[in-house]
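A short worksheet on the structure shown next.
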Amino acid sequence: MNTPEISPSSKDPANSMSARTVAQLPTDQELVLKVIPMPADCNANGDIFGGWVMAQVDLAGSVIPARTIRGRFATVAVNQFVFKQPVKVGDLLSFFSKITHMGRTSMTVRVEVFAERMRSSSEGFLKVTEASLTYVAIDESGQPKAIQNVDHKP
Ligand SMILES: CC(C)(COP(=O)(O)OP(=O)(O)OC[C@H]1O[C@@H](n2cnc3c(N)ncnc32)[C@H](O)[C@@H]1OP(=O)(O)O)[C@@H](O)C(=O)NCCC(=O)NCCS
């Protein structure tokens with residue numbers, strides 16, 4: 001990733017010393033989803049439920065495969081999933097994605113999620129989640145199918 005300038009967030013007391021904000025969103029990945037979580041998406045701590053974030057990441061990760069495969073496909077694996085910072089109600093979340101591997105029937109994408117804390121005075125974008133997911137093209141009977149018109153060489 002073209003990592004933007006990193007600066008410690010000093011304005012928002014809710015951000016711990018380990019919380020890091022960036023001044024701009026990535027420019028080398030595709031913006032595939034923007035969404036604001038609601039109170040109904042919270043866990044018992046009052047932060048956003050991890051399962052909600054995972055569902056959004058799966059949806060966001062499927063955007064590039066949908067455009068590439070142009071047919072049926074399924075998520076076969078979540079290779080990596082890291083919740084780096086909590087997601088808060090009212091955060092404006094931006095999901096960025098890019099292809100990291102093209103296989104014969106599968107493709108792997110990386111998803112990075114950045115939050116803008118709309119309910120605080122902090123500025124910048126906080127990376128809250130990063131993940132890697134693999135999607136497989138499938139035929140009508142649900143069996144793996146070669147992805148067409150793609151150079152499968154590494
Ligand atoms: C997707 C599915 C058809 C693949 O079947 P399969 O028998 O594992 O197929 P294969 O072993 O031939 O693998 C197919 C491709 O998936 C990849 N793959 C399989 N398991 C994988 C894993 N755990 N991690 C990463 N890639 C994987 C293989 O490397 C292969 O890729 P390639 O052709 O690009 O080299 C089958 O696993 C399935 O139906 N899973 C359920 C999918 C689903 O319901 N998802 C939603 C969950 S709620």
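Starting from 1 in every chain, residues are counted up; chains themselves are A, B, ... following the order of the structure tokens, and ligands are numbered from 1 as listed.
The protein and nucleic acid residues lying at most 8 Å from Ala74 of chain A are Tyr135, Val136, Ala137 and Ile138 of chain A, with only C-alpha atoms considered and sequence neighbours fewer than 6 positions away removed.
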Point to revise | Selection as a PyMOL selection string: residues within 6 Å of ligand 1 by only C-alpha atoms and all ligand atoms | key: chain A and resi 74-77+103-106+134+136+142-144
Now that the selection is made, can you save its residues with N, CA and C atoms as a tab-separated table (two decimals), in the first residue's frame?
chain	number	residue	atom	x	y	z
A	74	ALA	N	-18.16	-17.94	-4.74
A	74	ALA	CA	-18.38	-18.09	-3.29
A	74	ALA	C	-17.09	-17.75	-2.54
A	75	THR	N	-17.27	-17.29	-1.32
A	75	THR	CA	-16.12	-17.08	-0.44
A	75	THR	C	-15.66	-18.45	0.03
A	76	VAL	N	-14.40	-18.80	-0.22
A	76	VAL	CA	-13.91	-20.10	0.24
A	76	VAL	C	-13.07	-19.96	1.51
A	77	ALA	N	-12.41	-18.82	1.70
A	77	ALA	CA	-11.54	-18.70	2.87
A	77	ALA	C	-11.38	-17.25	3.31
A	103	GLY	N	-5.63	-17.06	-9.10
A	103	GLY	CA	-5.41	-18.47	-9.35
A	103	GLY	C	-6.17	-18.92	-10.58
A	104	ARG	N	-6.32	-20.24	-10.74
A	104	ARG	CA	-7.06	-20.73	-11.90
A	104	ARG	C	-8.57	-20.55	-11.71
A	105	THR	N	-9.05	-20.96	-10.53
A	105	THR	CA	-10.48	-20.81	-10.25
A	105	THR	C	-10.74	-19.81	-9.12
A	106	SER	N	-9.68	-19.35	-8.49
A	106	SER	CA	-9.86	-18.50	-7.30
A	106	SER	C	-9.11	-17.19	-7.44
A	134	THR	N	-10.40	-15.17	0.05
A	134	THR	CA	-10.32	-15.85	-1.24
A	134	THR	C	-11.72	-16.23	-1.72
A	136	VAL	N	-13.97	-18.12	-4.97
A	136	VAL	CA	-13.83	-19.14	-6.02
A	136	VAL	C	-15.00	-19.02	-6.99
A	142	GLY	N	-22.14	-25.76	-8.40
A	142	GLY	CA	-21.38	-25.35	-7.22
A	142	GLY	C	-19.95	-25.84	-7.22
A	143	GLN	N	-19.47	-26.33	-8.36
A	143	GLN	CA	-18.09	-26.81	-8.45
A	143	GLN	C	-17.18	-25.71	-8.99
A	144	PRO	N	-15.89	-25.72	-8.57
A	144	PRO	CA	-14.96	-24.68	-9.05
A	144	PRO	C	-14.89	-24.63	-10.56
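Using only C-alpha atoms, the smallest distance between any of A:Gln148, A:Pro86, A:Gln29, A:Lys127 and Gly50 of chain A comes from A:Pro86.
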Point to revise | For segment 58-70 of chain A: contacts at 8 Å, only C-alpha atoms, fewer than 3 positions along chain excluded, given as a count of residues only | key: 20
Select from chain A everything DSSP, run on the backbone, classes as helix (DSSP H, G or I), then give the selection as a PDB file with C-alpha atoms, in the first residue's frame.
ATOM      1  CA  PRO A  39     -26.577   1.449  17.210  1.00  0.00           C
ATOM      2  CA  ALA A  40     -28.267  -1.840  16.273  1.00  0.00           C
ATOM      3  CA  ASP A  41     -24.838  -3.113  15.138  1.00  0.00           C
ATOM      4  CA  GLY A  50     -17.079  -7.812  15.054  1.00  0.00           C
ATOM      5  CA  GLY A  51     -19.438 -10.059  13.114  1.00  0.00           C
ATOM      6  CA  TRP A  52     -21.040  -7.016  11.538  1.00  0.00           C
ATOM      7  CA  VAL A  53     -17.623  -5.770  10.437  1.00  0.00           C
ATOM      8  CA  MET A  54     -16.781  -9.213   9.026  1.00  0.00           C
ATOM      9  CA  ALA A  55     -19.980  -9.263   6.983  1.00  0.00           C
ATOM     10  CA  GLN A  56     -19.210  -5.823   5.537  1.00  0.00           C
ATOM     11  CA  VAL A  57     -15.648  -6.901   4.709  1.00  0.00           C
ATOM     12  CA  ASP A  58     -16.962 -10.002   2.910  1.00  0.00           C
ATOM     13  CA  LEU A  59     -19.342  -7.799   0.889  1.00  0.00           C
ATOM     14  CA  ALA A  60     -16.612  -5.273   0.140  1.00  0.00           C
ATOM     15  CA  GLY A  61     -14.128  -8.005  -0.754  1.00  0.00           C
ATOM     16  CA  VAL A  63     -16.824  -6.372  -5.377  1.00  0.00           C
ATOM     17  CA  ILE A  64     -13.665  -6.912  -7.462  1.00  0.00           C
ATOM     18  CA  PRO A  65     -14.296 -10.697  -7.797  1.00  0.00           C
ATOM     19  CA  ALA A  66     -17.858  -9.953  -8.968  1.00  0.00           C
ATOM     20  CA  ARG A  67     -16.528  -7.702 -11.712  1.00  0.00           C
ATOM     21  CA  THR A  68     -13.746 -10.135 -12.650  1.00  0.00           C
ATOM     22  CA  ILE A  69     -15.679 -13.417 -12.542  1.00  0.00           C
TER      23      ILE A  69
END
Exercise for review: Please report, as an NGL selection string, each residue of chain A to which DSSP assigns strand (DSSP E or B) when run on this structure's backbone.
Suggested key: :A and (6-8 or 20-22 or 30-35 or 42 or 48 or 73-83 or 92-102 or 106-116 or 125-138 or 144)
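The smallest atom-to-atom distance between Asn45 of chain A and any of A:Val87, A:Gly124, A:Thr108, A:Gln80, using only C-alpha atoms, is found for A:Val87.
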